[in-house]
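As provided, my_file-v2.cif (mmCIF, C-alpha atoms and all ligand atoms) reads as follows.
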data_coords
#
loop_
_atom_site.label_atom_id
_atom_site.label_comp_id
_atom_site.auth_asym_id
_atom_site.auth_seq_id
_atom_site.Cartn_x
_atom_site.Cartn_y
_atom_site.Cartn_z
CA MET F 774 129.98 -8.23 -61.45
CA GLY F 775 130.13 -9.55 -64.97
CA ASN F 776 132.02 -12.17 -66.87
CA LYS F 777 133.99 -13.37 -63.87
CA LEU F 778 130.82 -14.80 -62.38
CA LEU F 779 130.21 -17.05 -65.37
CA SER F 780 132.93 -19.46 -64.25
CA GLU F 781 131.91 -19.32 -60.60
CA PRO F 782 128.50 -20.71 -59.79
CA VAL F 783 127.13 -18.66 -56.90
CA TRP F 784 124.64 -21.17 -55.64
CA ARG F 785 124.52 -24.85 -54.89
CA LEU F 786 121.80 -27.23 -53.86
CA ILE F 787 123.21 -29.88 -51.57
CA SER F 788 121.33 -33.14 -51.90
CA ASP F 789 122.06 -36.82 -52.42
CA SER F 790 118.82 -37.32 -54.29
CA PRO F 791 118.95 -37.10 -58.11
CA SER F 792 115.19 -36.51 -58.18
CA VAL F 793 115.70 -33.27 -56.25
CA ALA F 794 118.29 -32.05 -58.71
CA GLU F 795 115.95 -32.97 -61.54
CA GLU F 796 113.03 -31.17 -59.95
CA PHE F 797 115.22 -28.14 -59.42
CA GLY F 798 115.74 -27.99 -63.17
CA ARG F 799 112.27 -26.50 -63.25
CA SER F 800 113.80 -23.51 -61.45
CA THR F 801 111.02 -23.14 -58.88
CA LEU F 802 110.73 -25.46 -55.90
CA SER F 803 107.85 -25.55 -53.44
CA ILE F 804 109.52 -25.97 -50.09
CA VAL F 805 108.81 -25.93 -46.37
CA ILE F 806 111.02 -23.83 -44.08
CA ALA F 807 110.74 -24.50 -40.34
CA GLY F 808 111.32 -20.91 -39.21
CA PRO F 809 113.65 -17.90 -39.29
CA GLU F 810 116.48 -19.93 -37.69
CA ALA F 811 116.61 -22.10 -40.83
CA ILE F 812 118.16 -19.18 -42.70
CA GLY F 813 121.86 -18.89 -42.00
CA MET F 814 124.12 -16.02 -43.05
CA GLU F 815 127.86 -16.07 -42.55
CA MET F 816 130.61 -14.00 -44.07
CA LYS F 817 133.95 -15.49 -45.06
CA LEU F 818 137.26 -14.20 -46.39
CA TRP F 819 139.88 -16.74 -47.45
CA ASP F 820 143.56 -16.06 -47.92
CA SER F 821 146.59 -18.26 -48.61
CA ARG F 822 146.61 -19.50 -45.01
CA GLY F 823 142.94 -20.42 -44.94
CA LEU F 824 139.88 -18.76 -43.45
CA ALA F 825 141.09 -15.26 -42.57
CA HIS F 826 137.80 -13.64 -41.48
CA HIS F 827 134.65 -15.52 -40.47
CA CYS F 828 131.79 -13.50 -39.07
CA ASP F 829 128.07 -12.80 -39.27
CA GLY F 830 128.71 -9.21 -40.36
CA ARG F 831 128.85 -7.98 -36.77
CA VAL F 832 130.87 -10.41 -34.64
CA PHE F 833 133.41 -13.16 -35.34
CA LEU F 834 132.05 -16.73 -35.53
CA SER F 835 135.50 -18.35 -35.48
CA PRO F 836 138.20 -19.07 -34.36
CA SER F 837 136.91 -19.87 -30.89
CA GLY F 838 139.30 -17.37 -29.25
CA ARG F 839 137.77 -14.48 -31.18
CA ALA F 840 134.18 -15.71 -31.50
CA GLY F 841 131.65 -13.21 -30.21
CA SER F 842 133.91 -10.16 -30.42
CA ARG F 843 133.28 -7.36 -32.90
CA CYS F 844 134.72 -8.13 -36.33
CA GLY F 845 134.85 -4.59 -37.73
CA CYS F 846 132.71 -5.17 -40.83
CA PRO F 847 130.68 -2.09 -41.85
CA PRO F 848 126.94 -2.22 -41.03
CA LEU F 849 125.73 -1.65 -44.59
CA MET F 850 125.75 -4.44 -47.18
CA ALA F 851 126.81 -1.97 -49.87
CA GLU F 852 129.93 -1.06 -47.88
CA ARG F 853 130.71 -4.72 -47.18
CA LYS F 854 130.42 -5.48 -50.87
CA GLU F 855 132.80 -2.68 -51.72
CA ARG F 856 135.41 -4.01 -49.30
CA ALA F 857 134.99 -7.58 -50.56
CA ARG F 858 135.49 -6.38 -54.10
CA PHE F 859 139.00 -5.24 -53.20
CA GLY F 860 139.71 -8.42 -51.25
CA GLN F 861 139.57 -6.52 -47.96
CA GLY F 862 136.39 -7.97 -46.57
CA PRO F 863 134.46 -11.23 -46.40
CA GLN F 864 131.81 -12.47 -48.83
CA PRO F 865 128.38 -13.73 -47.75
CA VAL F 866 127.40 -17.39 -47.58
CA THR F 867 123.66 -17.75 -47.17
CA THR F 868 122.15 -21.14 -46.38
CA VAL F 869 118.52 -22.22 -46.38
CA LEU F 870 117.51 -25.47 -44.69
CA PHE F 871 114.28 -26.88 -46.06
CA ARG F 872 112.20 -29.88 -47.00
CA LEU F 873 110.39 -30.39 -50.28
CA VAL F 874 106.69 -29.74 -49.82
CA GLY F 875 105.77 -33.27 -50.95
CA GLU F 876 108.10 -34.86 -48.39
CA ALA F 877 107.74 -32.48 -45.47
CA ALA F 878 105.17 -34.63 -43.70
CA GLN F 879 107.37 -37.72 -43.78
CA ASP F 880 110.21 -36.29 -41.75
CA ALA F 881 112.37 -36.46 -44.88
CA ALA F 882 116.00 -35.41 -44.76
CA MET F 883 116.66 -31.71 -44.63
CA LEU F 884 118.03 -30.21 -47.85
CA ARG F 885 120.36 -27.28 -47.94
CA PHE F 886 120.57 -24.47 -50.44
CA ARG F 887 123.74 -22.41 -50.33
CA SER F 888 124.47 -19.18 -52.16
CA SER F 889 127.22 -16.58 -52.20
CA SER F 890 125.02 -14.03 -53.96
CA TRP F 891 125.12 -10.53 -52.44
CA ARG F 892 121.58 -9.91 -53.69
CA PHE F 893 120.36 -12.97 -51.84
CA ALA F 894 122.25 -12.03 -48.67
CA GLU F 895 120.60 -8.61 -48.78
CA THR F 896 117.16 -10.27 -48.56
CA VAL F 897 117.94 -12.38 -45.47
CA GLU F 898 116.59 -9.94 -42.87
CA ALA F 899 113.29 -9.45 -44.68
CA LEU F 900 112.98 -13.19 -45.28
CA ARG F 901 113.53 -13.97 -41.59
CA ALA F 902 110.88 -11.40 -40.68
CA ASP F 903 108.40 -12.96 -43.14
CA LEU F 904 109.08 -16.40 -41.69
CA ALA F 905 108.68 -15.14 -38.11
CA ARG F 906 105.23 -13.75 -38.98
CA VAL F 907 104.06 -17.27 -39.98
CA HIS F 908 104.69 -18.64 -36.44
CA GLY F 909 105.60 -22.15 -37.55
CA PRO F 910 106.56 -24.06 -40.69
CA ALA F 911 106.09 -21.92 -43.78
CA LEU F 912 105.23 -22.85 -47.33
CA CYS F 913 107.74 -21.08 -49.56
CA GLU F 914 108.99 -20.92 -53.11
CA LEU F 915 112.67 -21.17 -53.93
CA THR F 916 113.66 -19.88 -57.34
CA VAL F 917 116.96 -19.30 -59.05
CA GLU F 918 116.57 -16.97 -61.94
CA SER F 919 119.31 -16.90 -64.53
CA ILE F 920 119.79 -13.32 -65.61
CA GLU F 921 121.71 -12.37 -68.73
CA PHE F 922 121.93 -9.15 -70.58
CA THR F 923 124.27 -7.06 -72.67
CA THR F 924 125.12 -3.56 -71.53
CA ARG F 925 125.04 -0.59 -73.88
CA ASN F 926 128.80 -0.76 -74.32
CA GLY F 927 128.56 -4.40 -75.37
CA ARG F 928 129.60 -6.10 -72.15
CA ARG F 929 127.78 -9.33 -71.45
CA VAL F 930 126.54 -9.68 -67.89
CA ALA F 931 125.25 -12.94 -66.45
CA TYR F 932 124.38 -13.97 -62.93
CA TYR F 933 122.05 -16.11 -60.89
CA LYS F 934 119.48 -14.48 -58.71
CA PRO F 935 118.16 -16.78 -55.98
CA ALA F 936 114.99 -15.78 -54.15
CA VAL F 937 112.74 -17.25 -51.48
CA LYS F 938 109.11 -16.14 -51.27
CA VAL F 939 107.04 -16.95 -48.20
CA ARG F 940 103.54 -18.04 -49.27
CA GLY F 941 102.03 -18.64 -45.83
CA PRO F 942 101.72 -21.26 -43.12
CA TRP F 943 102.37 -24.87 -44.08
CA SER F 944 100.03 -27.56 -42.85
CA LEU F 945 99.68 -31.31 -43.34
CA ASP F 946 96.76 -30.75 -45.74
CA LEU F 947 99.18 -29.24 -48.22
CA ALA F 948 101.28 -32.41 -48.29
CA ALA F 949 98.38 -34.51 -49.58
ZN ZN Z 1001 133.18 -9.36 -40.28
#

Just dump the structure as structure tokens.
Amino acid sequence: MGNKLLSEPVWRLISDSPSVAEEFGRSTLSIVIAGPEAIGMEMKLWDSRGLAHHCDGRVFLSPSGRAGSRCGCPPLMAERKERARFGQGPQPVTTVLFRLVGEAAQDAAMLRFRSSSWRFAETVEALRADLARVHGPALCELTVESIEFTTRNGRRVAYYKPAVKVRGPWSLDLAA
């Protein structure tokens, strides 16, 4: 946590469309998420040879020989974070597949938001539960808050805090 993060953006919006990037400058996007399966969470640890640990926090996702077997990561996010901090455990990569609310009715290309924020990863389970309760495409808000403050001992802390809020079911009426 802290100054190190300033040089490492922890989120990225993957899109070919400049208008999307422009719209995202407003920091809140109205989006449509198809369901809980549109939220992906993987954990990755890289070393000099490449991807050293790739899991979902419980079982390995790759390589194919190990996929599905227990990876040994601790169950609690706080413990995983502690291990990652010392380079001993993987970091989260959370992805959200979505469409912009104005384009959702036109079968527009899916956009992808990707973040390595621990705070965001910690919200994935609750977010999936909220999406499941909607039983279909959900109208949501994607925000990335830029948080900056100075601690009492003068250290400057800055980070991005992505969040997705589920507003309710999405319907064609909302696209008009
Ligand atoms: Zn693992």

Which value, in Å to one decimal, gives the distance between CA of Leu870 in chain F and CA of Pro935 in chain F?
->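 Spanning CA of Leu870 in chain F to CA of Pro935 in chain F is a straight-line distance of 14.3 Å.
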
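Shortest separation to Ala936 in chain F among F:Ser837, F:Ala807, F:Ala882, F:Thr801 occurs at residue F:Thr801, atoms counted being all atoms listed in the file.
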
Report as a list in words which protein, DNA and RNA residues come within 8 Å of ligand ZN 1001 (chain Z), using all atoms listed in the file.
->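 Listing the residues within 8 Å of ligand ZN 1001 (chain Z) gives Met816, Lys817, His826, His827, Cys828, Asp829, Gly830, Arg831, Val832, Phe833, Arg843, Cys844, Gly845, Cys846, Pro847, Gly862 and Pro863 of chain F.
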
Any idea what's packed within 10 Å of Gly941 in chain F, counting only C-alpha atoms, ignoring anything in its chain fewer than 6 positions away? Could you give it as number ranges by chain?
-> F: 805, 903-904, 906-913

Would you export the selected residues with C-alpha atoms as an mmCIF file, keeping the file's coordinate frame, please?
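Saved result, part_8.cif, follows:
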data_model
loop_
_atom_site.group_PDB
_atom_site.id
_atom_site.type_symbol
_atom_site.label_atom_id
_atom_site.label_comp_id
_atom_site.auth_asym_id
_atom_site.auth_seq_id
_atom_site.Cartn_x
_atom_site.Cartn_y
_atom_site.Cartn_z
ATOM 1 C CA VAL F 805 108.810 -25.930 -46.370
ATOM 2 C CA ASP F 903 108.400 -12.960 -43.140
ATOM 3 C CA LEU F 904 109.080 -16.400 -41.690
ATOM 4 C CA ARG F 906 105.230 -13.750 -38.980
ATOM 5 C CA VAL F 907 104.060 -17.270 -39.980
ATOM 6 C CA HIS F 908 104.690 -18.640 -36.440
ATOM 7 C CA GLY F 909 105.600 -22.150 -37.550
ATOM 8 C CA PRO F 910 106.560 -24.060 -40.690
ATOM 9 C CA ALA F 911 106.090 -21.920 -43.780
ATOM 10 C CA LEU F 912 105.230 -22.850 -47.330
ATOM 11 C CA CYS F 913 107.740 -21.080 -49.560
#

At most 12 Å from (117.8, -21.9, -37.2), file frame, only C-alpha atoms: which residues, as a list in words?
-> Ile806, Ala807, Gly808, Pro809, Glu810, Ala811, Ile812, Gly813, Met814, Thr868, Val869, Leu870, Phe871, Arg901, Leu904, Ala905 and Pro910 of chain F

Only C-alpha atoms, please: the residues just picked out, written as a PDB file, in the frame of the given file.
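That gives us result_25.pdb:
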ATOM      1  CA  ILE F 806     111.020 -23.830 -44.080  1.00  0.00           C
ATOM      2  CA  ALA F 807     110.740 -24.500 -40.340  1.00  0.00           C
ATOM      3  CA  GLY F 808     111.320 -20.910 -39.210  1.00  0.00           C
ATOM      4  CA  PRO F 809     113.650 -17.900 -39.290  1.00  0.00           C
ATOM      5  CA  GLU F 810     116.480 -19.930 -37.690  1.00  0.00           C
ATOM      6  CA  ALA F 811     116.610 -22.100 -40.830  1.00  0.00           C
ATOM      7  CA  ILE F 812     118.160 -19.180 -42.700  1.00  0.00           C
ATOM      8  CA  GLY F 813     121.860 -18.890 -42.000  1.00  0.00           C
ATOM      9  CA  MET F 814     124.120 -16.020 -43.050  1.00  0.00           C
ATOM     10  CA  THR F 868     122.150 -21.140 -46.380  1.00  0.00           C
ATOM     11  CA  VAL F 869     118.520 -22.220 -46.380  1.00  0.00           C
ATOM     12  CA  LEU F 870     117.510 -25.470 -44.690  1.00  0.00           C
ATOM     13  CA  PHE F 871     114.280 -26.880 -46.060  1.00  0.00           C
ATOM     14  CA  ARG F 901     113.530 -13.970 -41.590  1.00  0.00           C
ATOM     15  CA  LEU F 904     109.080 -16.400 -41.690  1.00  0.00           C
ATOM     16  CA  ALA F 905     108.680 -15.140 -38.110  1.00  0.00           C
ATOM     17  CA  PRO F 910     106.560 -24.060 -40.690  1.00  0.00           C
TER      18      PRO F 910
END

In Å to one decimal, how far is CA of Gly875 in chain F from CA of Thr916 in chain F?
->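 Computing the Euclidean distance for CA of Thr916 in chain F and CA of Gly875 in chain F yields 16.8 Å.
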
Looking at only C-alpha atoms, which of F:Ala902, F:Phe922, F:Leu915, F:Glu895 is the one that sits closest to Leu849 in chain F?
->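 Of the candidates, the smallest distance to Leu849 in chain F is held by F:Glu895.
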
Nearest-residue call for Thr867 in chain F, choices F:Glu898, F:Asp820, F:Glu914, F:Glu921, using only C-alpha atoms |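 Once distances to Thr867 in chain F are computed over only C-alpha atoms, the minimum belongs to F:Glu898.
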
Near Ala894 in chain F, within 9 Å and counting only C-alpha atoms, which residues show up once chain neighbours fewer than 2 positions away are dropped, as a PyMOL selection string?
-> chain F and resi 814+850+865-867+888-892+896-898

Which of these residues is nearest to Val937 in chain F, using only C-alpha atoms: F:Glu852, F:Phe893, F:Thr923, F:Ala840?
->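 Answer, going by the shortest atom-to-atom distance: F:Phe893.
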
So how many Å separate CA of Arg858 in chain F and CA of Lys938 in chain F, to one decimal?
->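 If I compute the distance from CA of Arg858 in chain F to CA of Lys938 in chain F, I get 28.3 Å.
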
Padding 4 Å on every side, please: axis-aligned box over the listed atoms of range 883-897 of chain F, centre and edge lengths to one decimal in Å, as lines of an AutoDock Vina configuration file.
center_x = 121.9
center_y = -20.2
center_z = -49.3
size_x = 18.6
size_y = 31.1
size_z = 17.3
